[in-house]
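Shown next: target_4.txt, given as compact mmCIF, C-alpha atoms and all ligand atoms.
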```
# COMPACT_ATOMS: atom_id res chain seq x y z
CA MET A 154 0.00 0.00 0.00
CA ALA A 155 1.30 3.43 -0.91
CA ARG A 156 0.09 6.99 -0.34
CA ILE A 157 -0.61 8.52 -3.72
CA LEU A 158 -1.59 12.05 -4.69
CA VAL A 159 -3.61 12.12 -7.93
CA THR A 160 -3.94 15.55 -9.55
CA GLY A 161 -6.89 15.82 -11.92
CA GLY A 162 -8.46 12.75 -10.33
CA ALA A 163 -11.98 14.13 -10.85
CA GLY A 164 -11.52 13.97 -14.63
CA TYR A 165 -12.09 11.08 -16.99
CA ILE A 166 -8.80 9.14 -16.95
CA GLY A 167 -7.81 10.39 -13.48
CA ALA A 168 -11.04 9.11 -11.93
CA HIS A 169 -10.70 5.67 -13.50
CA THR A 170 -7.13 5.46 -12.22
CA THR A 171 -8.17 6.63 -8.75
CA HIS A 172 -10.84 3.90 -8.53
CA HIS A 173 -8.35 1.32 -9.79
CA LEU A 174 -5.69 2.31 -7.23
CA LEU A 175 -8.22 2.22 -4.39
CA ARG A 176 -9.25 -1.30 -5.44
CA LEU A 177 -5.57 -2.29 -5.33
CA GLY A 178 -5.44 -1.05 -1.73
CA HIS A 179 -3.56 2.22 -2.17
CA ASP A 180 -4.38 5.28 -0.10
CA VAL A 181 -5.37 7.93 -2.65
CA THR A 182 -5.89 11.68 -2.29
CA VAL A 183 -7.25 13.57 -5.29
CA ALA A 184 -6.36 17.23 -5.95
CA ASP A 185 -8.60 18.83 -8.56
CA ASP A 186 -9.87 22.37 -9.19
CA LEU A 187 -13.14 20.98 -10.64
CA SER A 188 -12.78 23.24 -13.68
CA LYS A 189 -13.50 20.21 -15.89
CA GLY A 190 -13.77 17.24 -13.54
CA TYR A 191 -16.71 16.24 -11.38
CA ARG A 192 -17.05 15.82 -7.65
CA HIS A 193 -19.18 12.73 -8.32
CA ASN A 194 -16.19 11.02 -9.98
CA VAL A 195 -14.23 10.95 -6.72
CA PRO A 196 -15.05 8.54 -3.88
CA ASP A 197 -16.19 10.26 -0.65
CA GLY A 198 -13.53 11.83 1.50
CA ARG A 199 -10.79 11.67 -1.13
CA LEU A 200 -11.13 15.08 -2.82
CA GLN A 201 -9.14 18.25 -2.08
CA VAL A 202 -10.37 21.12 -4.25
CA LEU A 203 -7.32 23.14 -5.21
CA SER A 204 -5.57 24.66 -8.18
CA LEU A 205 -2.04 23.79 -9.21
CA HIS A 206 -1.45 27.54 -9.47
CA ASP A 207 -2.05 27.90 -5.72
CA ARG A 208 1.41 27.09 -4.36
CA PRO A 209 0.58 27.66 -0.65
CA ALA A 210 -2.36 25.24 -0.93
CA LEU A 211 -0.16 22.69 -2.71
CA ASP A 212 2.53 23.02 -0.05
CA ALA A 213 -0.04 22.56 2.71
CA LEU A 214 -1.47 19.46 1.03
CA LEU A 215 1.95 17.90 0.49
CA ALA A 216 2.92 18.70 4.08
CA SER A 217 -0.27 17.05 5.39
CA ALA A 218 0.79 13.53 4.40
CA ARG A 219 3.95 11.76 3.33
CA PHE A 220 3.03 10.92 -0.26
CA ASP A 221 5.10 8.17 -1.85
CA ALA A 222 4.31 9.37 -5.38
CA VAL A 223 2.22 11.74 -7.47
CA ILE A 224 0.19 10.81 -10.54
CA HIS A 225 -0.28 14.02 -12.48
CA PHE A 226 -3.31 14.22 -14.79
CA ALA A 227 -4.52 17.78 -14.20
CA ALA A 228 -4.25 19.61 -17.53
CA SER A 229 -6.18 21.19 -20.37
CA ILE A 230 -6.70 18.57 -23.07
CA ALA A 231 -8.48 19.86 -26.17
CA VAL A 232 -6.18 20.09 -29.21
CA GLY A 233 -8.44 22.48 -31.17
CA GLU A 234 -8.94 24.80 -28.19
CA SER A 235 -5.17 24.89 -27.61
CA VAL A 236 -4.69 26.37 -31.07
CA ARG A 237 -7.11 29.17 -30.19
CA GLU A 238 -5.89 29.67 -26.61
CA ALA A 239 -2.20 28.80 -26.71
CA GLU A 240 -1.23 30.97 -23.76
CA ALA A 241 -3.81 29.36 -21.51
CA TYR A 242 -2.51 25.92 -22.45
CA PHE A 243 1.10 26.78 -21.60
CA HIS A 244 -0.04 28.44 -18.38
CA ASN A 245 -2.14 25.52 -17.22
CA ASN A 246 -0.08 22.62 -18.49
CA VAL A 247 3.45 23.93 -18.10
CA ALA A 248 3.33 26.60 -15.37
CA GLY A 249 0.87 24.51 -13.31
CA THR A 250 3.13 21.46 -13.56
CA LEU A 251 6.26 23.43 -12.64
CA ASN A 252 4.45 24.65 -9.53
CA LEU A 253 3.58 21.07 -8.64
CA LEU A 254 7.16 19.90 -9.24
CA ALA A 255 8.54 22.67 -7.03
CA ALA A 256 6.11 21.75 -4.25
CA MET A 257 7.03 18.07 -4.61
CA ARG A 258 10.72 18.92 -4.33
CA GLN A 259 10.11 20.97 -1.20
CA ALA A 260 8.10 18.12 0.35
CA GLY A 261 10.63 15.47 -0.68
CA VAL A 262 8.28 13.54 -3.02
CA ARG A 263 10.60 12.06 -5.65
CA LYS A 264 8.35 9.98 -7.94
CA ILE A 265 5.82 11.05 -10.56
CA VAL A 266 3.68 9.37 -13.21
CA PHE A 267 2.90 11.94 -15.89
CA SER A 268 0.07 12.02 -18.46
CA SER A 269 1.54 12.76 -21.83
CA THR A 270 0.06 12.24 -25.26
CA ALA A 271 0.57 10.82 -28.72
CA ALA A 272 0.24 14.46 -29.83
CA VAL A 273 3.96 14.86 -28.99
CA TYR A 274 4.69 12.94 -32.22
CA GLY A 275 2.70 15.31 -34.45
CA ASP A 276 2.32 13.75 -37.87
CA PRO A 277 4.53 10.63 -37.66
CA ASP A 278 6.64 9.37 -40.57
CA SER A 279 5.31 5.84 -40.12
CA VAL A 280 3.11 3.68 -37.88
CA PRO A 281 3.13 1.94 -35.48
CA ILE A 282 5.00 4.70 -33.63
CA PRO A 283 7.83 3.69 -31.28
CA GLU A 284 8.77 5.93 -28.35
CA THR A 285 11.98 6.82 -30.21
CA ALA A 286 10.09 8.48 -33.11
CA PRO A 287 10.80 12.19 -33.73
CA LEU A 288 8.91 14.56 -31.41
CA ARG A 289 7.28 17.26 -33.54
CA PRO A 290 4.02 18.43 -31.97
CA VAL A 291 1.63 20.31 -34.26
CA SER A 292 -0.46 21.98 -31.53
CA PRO A 293 0.17 24.02 -28.37
CA TYR A 294 -1.41 21.13 -26.46
CA GLY A 295 1.16 18.62 -27.76
CA GLU A 296 3.97 21.14 -27.27
CA SER A 297 2.91 21.86 -23.68
CA LYS A 298 3.12 18.14 -22.85
CA LEU A 299 6.50 17.84 -24.57
CA MET A 300 7.83 20.81 -22.57
CA VAL A 301 6.94 18.98 -19.36
CA GLU A 302 8.52 15.76 -20.67
CA THR A 303 11.71 17.73 -21.35
CA ALA A 304 11.68 19.30 -17.87
CA LEU A 305 11.14 15.87 -16.29
CA GLY A 306 14.09 14.48 -18.28
CA TRP A 307 16.39 17.16 -16.85
CA MET A 308 15.01 16.82 -13.32
CA ASP A 309 15.70 13.10 -13.48
CA ARG A 310 19.34 13.77 -14.38
CA CYS A 311 19.91 16.81 -12.18
CA SER A 312 17.86 16.23 -9.07
CA GLY A 313 16.88 12.56 -9.08
CA LEU A 314 13.13 13.05 -9.58
CA ARG A 315 12.04 9.73 -11.08
CA HIS A 316 9.26 9.69 -13.69
CA ILE A 317 7.11 7.41 -15.73
CA ILE A 318 5.71 9.24 -18.74
CA LEU A 319 2.71 7.64 -20.44
CA ARG A 320 1.91 8.90 -23.93
CA TYR A 321 -1.80 8.22 -24.28
CA PHE A 322 -3.41 7.31 -27.55
CA ASN A 323 -7.26 7.47 -27.71
CA ALA A 324 -8.79 6.74 -24.32
CA CYS A 325 -12.38 5.49 -24.49
CA GLY A 326 -14.88 3.29 -22.66
CA ALA A 327 -16.07 3.46 -19.07
CA ASP A 328 -16.20 1.70 -15.74
CA SER A 329 -19.96 1.90 -15.62
CA GLN A 330 -20.16 -0.37 -12.54
CA ALA A 331 -18.27 2.34 -10.66
CA GLY A 332 -20.56 4.97 -12.22
CA ILE A 333 -17.77 6.73 -14.05
CA GLY A 334 -17.31 7.39 -17.75
CA GLU A 335 -16.59 10.03 -20.35
CA GLU A 336 -18.45 13.31 -19.68
CA HIS A 337 -16.52 16.14 -21.28
CA GLN A 338 -18.21 19.55 -21.48
CA PRO A 339 -18.37 20.33 -24.34
CA GLU A 340 -17.89 16.83 -25.74
CA THR A 341 -15.38 16.66 -28.59
CA HIS A 342 -14.51 12.95 -28.57
CA LEU A 343 -15.75 10.62 -31.25
CA ILE A 344 -17.45 7.79 -29.36
CA PRO A 345 -19.65 9.90 -27.02
CA LEU A 346 -20.52 12.07 -30.03
CA LEU A 347 -21.74 8.98 -31.92
CA PHE A 348 -24.09 8.16 -29.02
CA GLN A 349 -25.26 11.77 -28.96
CA ALA A 350 -26.05 11.53 -32.68
CA ILE A 351 -28.05 8.34 -32.08
CA ARG A 352 -30.01 9.93 -29.22
CA THR A 353 -30.71 13.29 -30.88
CA GLY A 354 -30.85 12.30 -34.54
CA ASN A 355 -28.47 15.20 -35.30
CA PRO A 356 -25.71 13.78 -37.50
CA VAL A 357 -22.13 13.64 -36.28
CA THR A 358 -19.61 15.21 -38.66
CA VAL A 359 -16.84 12.92 -39.88
CA PHE A 360 -13.79 15.17 -40.16
CA GLY A 361 -12.63 14.34 -43.67
CA ASP A 362 -12.82 11.23 -45.87
CA ASP A 363 -10.01 12.12 -48.24
CA TYR A 364 -7.04 10.97 -46.16
CA ALA A 365 -4.59 8.44 -47.56
CA THR A 366 -6.11 5.60 -45.52
CA ALA A 367 -8.06 2.56 -46.72
CA ASP A 368 -11.50 4.21 -46.34
CA GLY A 369 -10.27 7.83 -46.39
CA THR A 370 -11.04 8.55 -42.70
CA CYS A 371 -8.50 8.99 -39.88
CA ILE A 372 -7.12 5.98 -38.05
CA ARG A 373 -6.61 6.03 -34.28
CA ASP A 374 -5.50 3.58 -31.60
CA TYR A 375 -8.38 3.29 -29.11
CA ILE A 376 -7.51 2.07 -25.62
CA HIS A 377 -9.97 1.25 -22.85
CA VAL A 378 -9.70 3.75 -20.00
CA CYS A 379 -9.49 0.90 -17.46
CA ASP A 380 -6.46 -0.44 -19.34
CA LEU A 381 -4.94 3.03 -19.15
CA ALA A 382 -5.63 2.95 -15.41
CA SER A 383 -3.77 -0.36 -15.09
CA ALA A 384 -0.85 1.12 -17.07
CA HIS A 385 -0.60 3.84 -14.41
CA ALA A 386 -0.64 1.25 -11.65
CA ALA A 387 2.15 -0.67 -13.42
CA GLY A 388 4.19 2.52 -13.81
CA LEU A 389 3.65 3.34 -10.16
CA ASP A 390 4.78 -0.14 -9.05
CA HIS A 391 7.91 0.27 -11.15
CA LEU A 392 8.78 3.59 -9.47
CA LEU A 393 7.90 2.37 -5.96
CA ALA A 394 10.24 -0.60 -6.52
CA GLY A 395 13.05 1.89 -7.23
CA GLY A 396 12.94 1.53 -11.03
CA PRO A 397 14.50 4.15 -13.32
CA SER A 398 12.62 6.84 -15.23
CA ALA A 399 11.06 5.73 -18.50
CA ILE A 400 8.66 6.77 -21.26
CA PHE A 401 5.95 4.49 -22.66
CA ASN A 402 3.32 4.64 -25.35
CA ALA A 403 -0.07 3.68 -23.96
CA GLY A 404 -2.17 2.22 -26.77
CA THR A 405 -3.22 -1.25 -27.86
CA GLY A 406 -1.30 -1.19 -31.15
CA GLU A 407 -4.52 -1.66 -33.19
CA GLY A 408 -5.78 1.06 -35.50
CA HIS A 409 -9.43 1.75 -36.37
CA SER A 410 -10.75 4.30 -38.85
CA VAL A 411 -13.59 6.70 -38.01
CA ARG A 412 -15.82 4.68 -40.36
CA GLN A 413 -14.91 1.47 -38.53
CA VAL A 414 -15.73 3.08 -35.18
CA ILE A 415 -19.13 4.15 -36.54
CA GLU A 416 -19.81 0.60 -37.77
CA ALA A 417 -18.80 -0.82 -34.37
CA ALA A 418 -21.10 1.66 -32.59
CA GLU A 419 -23.97 0.56 -34.84
CA ARG A 420 -23.26 -3.13 -34.09
CA ILE A 421 -23.17 -2.53 -30.34
CA THR A 422 -26.16 -0.21 -30.03
CA GLY A 423 -28.30 -1.80 -32.72
CA GLU A 424 -29.00 1.74 -33.95
CA LYS A 425 -28.06 3.67 -37.07
CA VAL A 426 -25.58 6.48 -36.43
CA PRO A 427 -26.54 9.51 -38.50
CA TRP A 428 -23.36 11.07 -39.94
CA VAL A 429 -22.21 13.48 -42.61
CA ILE A 430 -18.80 14.11 -44.10
CA GLY A 431 -17.27 17.47 -43.19
CA ALA A 432 -13.97 19.26 -43.59
CA ARG A 433 -10.77 17.95 -42.06
CA ARG A 434 -10.08 19.11 -38.51
CA ASP A 435 -6.93 21.22 -38.06
CA GLY A 436 -4.04 19.28 -36.56
CA ASP A 437 -5.50 15.79 -37.24
CA PRO A 438 -2.77 13.41 -38.49
CA PRO A 439 -4.13 10.67 -40.80
CA GLU A 440 -2.96 7.77 -38.66
CA LEU A 441 -1.80 7.42 -35.04
CA VAL A 442 -1.14 3.88 -33.85
CA ALA A 443 1.14 2.97 -30.95
CA ASP A 444 3.94 0.52 -30.92
CA SER A 445 3.07 -0.60 -27.38
CA SER A 446 5.68 -3.35 -27.09
CA LYS A 447 7.81 -1.40 -24.60
CA LEU A 448 4.92 -1.05 -22.13
CA ARG A 449 4.08 -4.73 -22.54
CA ASN A 450 7.66 -5.99 -22.28
CA GLN A 451 9.10 -3.71 -19.63
CA LEU A 452 6.09 -3.22 -17.32
CA GLY A 453 4.31 -6.51 -18.05
CA TRP A 454 1.18 -4.59 -19.06
CA LYS A 455 -1.48 -6.18 -21.23
CA PRO A 456 -4.86 -4.69 -22.16
CA ALA A 457 -7.72 -6.61 -20.53
CA ILE A 458 -10.23 -5.10 -23.01
CA PRO A 459 -8.37 -4.97 -26.34
CA ASP A 460 -11.44 -5.33 -28.56
CA LEU A 461 -13.01 -2.13 -29.91
CA ASP A 462 -16.56 -3.54 -29.68
CA ASP A 463 -16.06 -4.22 -25.95
CA MET A 464 -14.71 -0.71 -25.42
CA ILE A 465 -17.74 0.78 -27.14
CA ALA A 466 -20.11 -1.53 -25.26
CA SER A 467 -18.81 -0.26 -21.91
CA ALA A 468 -19.13 3.36 -23.07
CA TRP A 469 -22.70 2.69 -24.30
CA ASP A 470 -23.58 1.08 -20.97
CA PHE A 471 -22.40 4.20 -19.11
CA ASP A 472 -24.16 6.50 -21.56
CA SER A 473 -27.41 4.51 -21.29
CA ARG A 474 -27.38 4.60 -17.48
CA LYS A 475 -26.78 8.35 -17.60
CA HIS A 476 -29.76 8.84 -19.84
CA GLY A 477 -31.92 6.63 -17.68
N1 LIG B 501 -13.70 12.76 -35.20
C1 LIG B 501 -14.68 13.01 -36.16
N2 LIG B 501 -15.77 13.72 -35.80
C2 LIG B 501 -15.96 14.23 -34.53
C3 LIG B 501 -14.96 13.97 -33.56
C4 LIG B 501 -13.85 13.24 -33.93
O1 LIG B 501 -14.55 12.59 -37.31
O2 LIG B 501 -16.97 14.90 -34.30
C5 LIG B 501 -12.50 12.00 -35.57
C6 LIG B 501 -11.21 12.79 -35.42
O3 LIG B 501 -10.92 13.49 -36.62
C7 LIG B 501 -10.21 11.69 -35.14
C8 LIG B 501 -11.02 10.62 -34.41
O4 LIG B 501 -12.40 10.92 -34.69
O5 LIG B 501 -9.73 11.12 -36.33
C9 LIG B 501 -10.83 10.66 -32.91
O6 LIG B 501 -11.00 11.99 -32.47
P1 LIG B 501 -11.17 12.38 -30.95
O7 LIG B 501 -11.48 13.85 -30.90
O8 LIG B 501 -12.11 11.44 -30.29
O9 LIG B 501 -9.72 12.09 -30.32
P2 LIG B 501 -8.27 12.67 -30.75
O10 LIG B 501 -7.78 11.78 -31.87
O11 LIG B 501 -8.44 14.10 -31.14
O12 LIG B 501 -7.47 12.49 -29.50
```

What is this file in structure tokens?
Ligand code: UDP
Amino acid sequence: MARILVTGGAGYIGAHTTHHLLRLGHDVTVADDLSKGYRHNVPDGRLQVLSLHDRPALDALLASARFDAVIHFAASIAVGESVREAEAYFHNNVAGTLNLLAAMRQAGVRKIVFSSTAAVYGDPDSVPIPETAPLRPVSPYGESKLMVETALGWMDRCSGLRHIILRYFNACGADSQAGIGEEHQPETHLIPLLFQAIRTGNPVTVFGDDYATADGTCIRDYIHVCDLASAHAAGLDHLLAGGPSAIFNAGTGEGHSVRQVIEAAERITGEKVPWVIGARRDGDPPELVADSSKLRNQLGWKPAIPDLDDMIASAWDFDSRKHG
């Protein structure tokens, strides 16, 4: 059992990881400013409402318990928004993280699991993408995550802060038994938008069908959010056992096109998804698929829910409960 501070634990991936860690017997405290996350995502008594920009509050929290490690999710996450509000993204994602890292140093917390993103690769030369691929973000969001990765690399070398960096591909699905799932406001992610289209009859827009892929739509590597949670637990175990810093892709290694995701959603729900073809979305690379062999080989991780239909079924279950 370890004492873990989870920043952003009221958000989608953070909440699933928090529930997973509690089930494993860890003692978890969540720090979240509730700007995007939800109080109802955090089990009773675990939430501290605070902003990463509030250094005195961070110091007080870190002084209140001897945390063994921090898992740092809290960040702004919308690629399109980051293009419009670059300064806000660097402020939140970089300045907020530096504040956290300074508070951790002061409190003597020397281990961190950090949420990074496949967006650090930009438009890759080839897929599947290994961790050694060139890092060329094409959005302020991707750049903000890369800046933190770079800082963590130097802090590892210079001050012994050990990190596990997980570069997420496309998180989806839900732990509907635990009552948690994807609830972004506004929703921009494909799978919840497909359900919304089914429920409202308003067609979802497919962002381009003229890419150089088999059916012309973008290909992504969808990973169940509970499998992402278990990747965090594996990274944490590695650090707690005294393992060295490392960077891992977190995806299944399977690619699915937007059209294939729509077909899967129709199979699972038994409903037609109304959709129309629209323009390409800025910053969307044609194909992002992880080479996830490093995570599998070095941390012994394996997805428990590797099948896209099962991922969508869990998301549909959550969505259906939410809509009564
Ligand atoms: N997508 C789409 N229509 C939408 C939302 C998403 O066609 O309304 C596509 C998007 O272009 C991408 C894939 O679905 O190829 C997954 O997008 P999402 O926003 O869910 O995740 P991202 O890849 O941006 O992390």

Enumerate, in order of chain and increasing residue number, the residues of region 214-234 of chain A with an atom no farther than 10 Å from region 273-297 of chain A, each with its shortest atom pair and distance in Å to one decimal, counting all atoms listed in the file, as JSON lines.
```
{"residue": "A:Ala228", "atom": "CA", "partner": "A:Tyr294", "partner_atom": "CA", "distance": 9.5}
{"residue": "A:Ser229", "atom": "CA", "partner": "A:Tyr294", "partner_atom": "CA", "distance": 7.7}
{"residue": "A:Ile230", "atom": "CA", "partner": "A:Tyr294", "partner_atom": "CA", "distance": 6.8}
{"residue": "A:Ala231", "atom": "CA", "partner": "A:Tyr294", "partner_atom": "CA", "distance": 7.2}
{"residue": "A:Val232", "atom": "CA", "partner": "A:Tyr294", "partner_atom": "CA", "distance": 5.6}
{"residue": "A:Gly233", "atom": "CA", "partner": "A:Ser292", "partner_atom": "CA", "distance": 8.0}
{"residue": "A:Glu234", "atom": "CA", "partner": "A:Tyr294", "partner_atom": "CA", "distance": 8.6}
```

List every residue of chain A that has an atom at most 10 Å from any atom of ligand LIG 501 (chain B), and for each one report the closest atom pair and its distance in Å to one decimal, counting all atoms listed in the file, with rows sorted by chain and then by increasing residue number, as JSON lines.
```
{"residue": "A:Ile230", "atom": "CA", "partner": "B:LIG501", "partner_atom": "O12", "distance": 8.9}
{"residue": "A:Ala231", "atom": "CA", "partner": "B:LIG501", "partner_atom": "O11", "distance": 7.6}
{"residue": "A:Val232", "atom": "CA", "partner": "B:LIG501", "partner_atom": "O11", "distance": 6.7}
{"residue": "A:Gly233", "atom": "CA", "partner": "B:LIG501", "partner_atom": "O11", "distance": 8.4}
{"residue": "A:Thr270", "atom": "CA", "partner": "B:LIG501", "partner_atom": "O12", "distance": 8.6}
{"residue": "A:Ala271", "atom": "CA", "partner": "B:LIG501", "partner_atom": "O12", "distance": 8.2}
{"residue": "A:Ala272", "atom": "CA", "partner": "B:LIG501", "partner_atom": "O12", "distance": 8.0}
{"residue": "A:Tyr321", "atom": "CA", "partner": "B:LIG501", "partner_atom": "O12", "distance": 8.8}
{"residue": "A:Phe322", "atom": "CA", "partner": "B:LIG501", "partner_atom": "O12", "distance": 6.9}
{"residue": "A:Asn323", "atom": "CA", "partner": "B:LIG501", "partner_atom": "O12", "distance": 5.3}
{"residue": "A:Ala324", "atom": "CA", "partner": "B:LIG501", "partner_atom": "O12", "distance": 7.9}
{"residue": "A:Cys325", "atom": "CA", "partner": "B:LIG501", "partner_atom": "O8", "distance": 8.3}
{"residue": "A:Glu340", "atom": "CA", "partner": "B:LIG501", "partner_atom": "O7", "distance": 8.8}
{"residue": "A:Thr341", "atom": "CA", "partner": "B:LIG501", "partner_atom": "O7", "distance": 5.3}
{"residue": "A:His342", "atom": "CA", "partner": "B:LIG501", "partner_atom": "O8", "distance": 3.3}
{"residue": "A:Leu343", "atom": "CA", "partner": "B:LIG501", "partner_atom": "O8", "distance": 3.9}
{"residue": "A:Ile344", "atom": "CA", "partner": "B:LIG501", "partner_atom": "O8", "distance": 6.5}
{"residue": "A:Pro345", "atom": "CA", "partner": "B:LIG501", "partner_atom": "O8", "distance": 8.4}
{"residue": "A:Leu346", "atom": "CA", "partner": "B:LIG501", "partner_atom": "O2", "distance": 6.2}
{"residue": "A:Leu347", "atom": "CA", "partner": "B:LIG501", "partner_atom": "O2", "distance": 8.0}
{"residue": "A:Ala350", "atom": "CA", "partner": "B:LIG501", "partner_atom": "O2", "distance": 9.8}
{"residue": "A:Pro356", "atom": "CA", "partner": "B:LIG501", "partner_atom": "O2", "distance": 9.4}
{"residue": "A:Val357", "atom": "CA", "partner": "B:LIG501", "partner_atom": "O2", "distance": 5.7}
{"residue": "A:Thr358", "atom": "CA", "partner": "B:LIG501", "partner_atom": "N2", "distance": 5.0}
{"residue": "A:Val359", "atom": "CA", "partner": "B:LIG501", "partner_atom": "O1", "distance": 3.5}
{"residue": "A:Phe360", "atom": "CA", "partner": "B:LIG501", "partner_atom": "O1", "distance": 3.9}
{"residue": "A:Gly361", "atom": "CA", "partner": "B:LIG501", "partner_atom": "O1", "distance": 6.9}
{"residue": "A:Asp362", "atom": "CA", "partner": "B:LIG501", "partner_atom": "O1", "distance": 8.8}
{"residue": "A:Thr370", "atom": "CA", "partner": "B:LIG501", "partner_atom": "O5", "distance": 7.0}
{"residue": "A:Cys371", "atom": "CA", "partner": "B:LIG501", "partner_atom": "O5", "distance": 4.3}
{"residue": "A:Ile372", "atom": "CA", "partner": "B:LIG501", "partner_atom": "O5", "distance": 6.0}
{"residue": "A:Arg373", "atom": "CA", "partner": "B:LIG501", "partner_atom": "O5", "distance": 6.3}
{"residue": "A:Asp374", "atom": "CA", "partner": "B:LIG501", "partner_atom": "O10", "distance": 8.5}
{"residue": "A:Tyr375", "atom": "CA", "partner": "B:LIG501", "partner_atom": "C9", "distance": 8.6}
{"residue": "A:His409", "atom": "CA", "partner": "B:LIG501", "partner_atom": "C8", "distance": 9.2}
{"residue": "A:Ser410", "atom": "CA", "partner": "B:LIG501", "partner_atom": "O5", "distance": 7.3}
{"residue": "A:Val411", "atom": "CA", "partner": "B:LIG501", "partner_atom": "O4", "distance": 5.5}
{"residue": "A:Arg412", "atom": "CA", "partner": "B:LIG501", "partner_atom": "O1", "distance": 8.6}
{"residue": "A:Val414", "atom": "CA", "partner": "B:LIG501", "partner_atom": "O4", "distance": 8.5}
{"residue": "A:Ile415", "atom": "CA", "partner": "B:LIG501", "partner_atom": "O1", "distance": 9.6}
{"residue": "A:Trp428", "atom": "CA", "partner": "B:LIG501", "partner_atom": "N2", "distance": 9.0}
{"residue": "A:Val429", "atom": "CA", "partner": "B:LIG501", "partner_atom": "O1", "distance": 9.4}
{"residue": "A:Ile430", "atom": "CA", "partner": "B:LIG501", "partner_atom": "O1", "distance": 8.2}
{"residue": "A:Gly431", "atom": "CA", "partner": "B:LIG501", "partner_atom": "O1", "distance": 8.1}
{"residue": "A:Ala432", "atom": "CA", "partner": "B:LIG501", "partner_atom": "O1", "distance": 9.2}
{"residue": "A:Arg433", "atom": "CA", "partner": "B:LIG501", "partner_atom": "O3", "distance": 7.0}
{"residue": "A:Arg434", "atom": "CA", "partner": "B:LIG501", "partner_atom": "O3", "distance": 6.0}
{"residue": "A:Asp435", "atom": "CA", "partner": "B:LIG501", "partner_atom": "O3", "distance": 8.8}
{"residue": "A:Gly436", "atom": "CA", "partner": "B:LIG501", "partner_atom": "O11", "distance": 8.7}
{"residue": "A:Asp437", "atom": "CA", "partner": "B:LIG501", "partner_atom": "O3", "distance": 5.9}
{"residue": "A:Pro438", "atom": "CA", "partner": "B:LIG501", "partner_atom": "O5", "distance": 7.6}
{"residue": "A:Pro439", "atom": "CA", "partner": "B:LIG501", "partner_atom": "O5", "distance": 7.2}
{"residue": "A:Glu440", "atom": "CA", "partner": "B:LIG501", "partner_atom": "O5", "distance": 7.9}
{"residue": "A:Leu441", "atom": "CA", "partner": "B:LIG501", "partner_atom": "O10", "distance": 8.1}
```

May I have a table of the residues of region 313-396 of chain A lying at most 12 Å from region 446-457 of chain A, giving each one's closest pair of atoms and their distance in Å to one decimal, counting only C-alpha atoms, ordered by chain and ascending residue number, as JSON lines?
```
{"residue": "A:Ile317", "atom": "CA", "partner": "A:Leu452", "partner_atom": "CA", "distance": 10.8}
{"residue": "A:Ile318", "atom": "CA", "partner": "A:Leu448", "partner_atom": "CA", "distance": 10.9}
{"residue": "A:Leu319", "atom": "CA", "partner": "A:Leu448", "partner_atom": "CA", "distance": 9.1}
{"residue": "A:Arg320", "atom": "CA", "partner": "A:Leu448", "partner_atom": "CA", "distance": 10.6}
{"residue": "A:Tyr321", "atom": "CA", "partner": "A:Leu448", "partner_atom": "CA", "distance": 11.6}
{"residue": "A:Tyr375", "atom": "CA", "partner": "A:Pro456", "partner_atom": "CA", "distance": 11.2}
{"residue": "A:Ile376", "atom": "CA", "partner": "A:Pro456", "partner_atom": "CA", "distance": 8.0}
{"residue": "A:His377", "atom": "CA", "partner": "A:Pro456", "partner_atom": "CA", "distance": 7.9}
{"residue": "A:Val378", "atom": "CA", "partner": "A:Pro456", "partner_atom": "CA", "distance": 10.0}
{"residue": "A:Cys379", "atom": "CA", "partner": "A:Ala457", "partner_atom": "CA", "distance": 8.3}
{"residue": "A:Asp380", "atom": "CA", "partner": "A:Pro456", "partner_atom": "CA", "distance": 5.3}
{"residue": "A:Leu381", "atom": "CA", "partner": "A:Pro456", "partner_atom": "CA", "distance": 8.3}
{"residue": "A:Ala382", "atom": "CA", "partner": "A:Pro456", "partner_atom": "CA", "distance": 10.2}
{"residue": "A:Ser383", "atom": "CA", "partner": "A:Trp454", "partner_atom": "CA", "distance": 7.6}
{"residue": "A:Ala384", "atom": "CA", "partner": "A:Trp454", "partner_atom": "CA", "distance": 6.4}
{"residue": "A:His385", "atom": "CA", "partner": "A:Trp454", "partner_atom": "CA", "distance": 9.8}
{"residue": "A:Ala386", "atom": "CA", "partner": "A:Trp454", "partner_atom": "CA", "distance": 9.6}
{"residue": "A:Ala387", "atom": "CA", "partner": "A:Leu452", "partner_atom": "CA", "distance": 6.1}
{"residue": "A:Gly388", "atom": "CA", "partner": "A:Leu452", "partner_atom": "CA", "distance": 7.0}
{"residue": "A:Leu389", "atom": "CA", "partner": "A:Leu452", "partner_atom": "CA", "distance": 10.0}
{"residue": "A:Asp390", "atom": "CA", "partner": "A:Leu452", "partner_atom": "CA", "distance": 8.9}
{"residue": "A:His391", "atom": "CA", "partner": "A:Leu452", "partner_atom": "CA", "distance": 7.3}
{"residue": "A:Leu392", "atom": "CA", "partner": "A:Leu452", "partner_atom": "CA", "distance": 10.7}
{"residue": "A:Ala394", "atom": "CA", "partner": "A:Leu452", "partner_atom": "CA", "distance": 11.9}
{"residue": "A:Gly396", "atom": "CA", "partner": "A:Leu452", "partner_atom": "CA", "distance": 10.4}
```

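Across A:Ala327, A:Tyr364, A:Gln201, A:Gly354, the tightest approach to Met464 (chain A) is made by A:Ala327 when counting only C-alpha atoms.
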
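We find CA of Val236 (chain A) and CA of Pro339 (chain A) to be spaced 16.4 Å apart.
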
Checklist line | Selection near region 245-247 of chain A, 12 Å with all atoms listed in the file, sequence-local residues under 4 positions removed, as a VMD selection string | finding: chain A and resid 161 186 188 204 to 207 225 to 231 235 238 to 241 251 to 254 267 to 269 293 to 305

Notebook entry, point to check: Between CA of Gln338 (chain A) and CA of Arg352 (chain A), what is the spacing in Å?
Noted result: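 Interatomic distance, CA of Arg352 (chain A) to CA of Gln338 (chain A): 17.1 Å.
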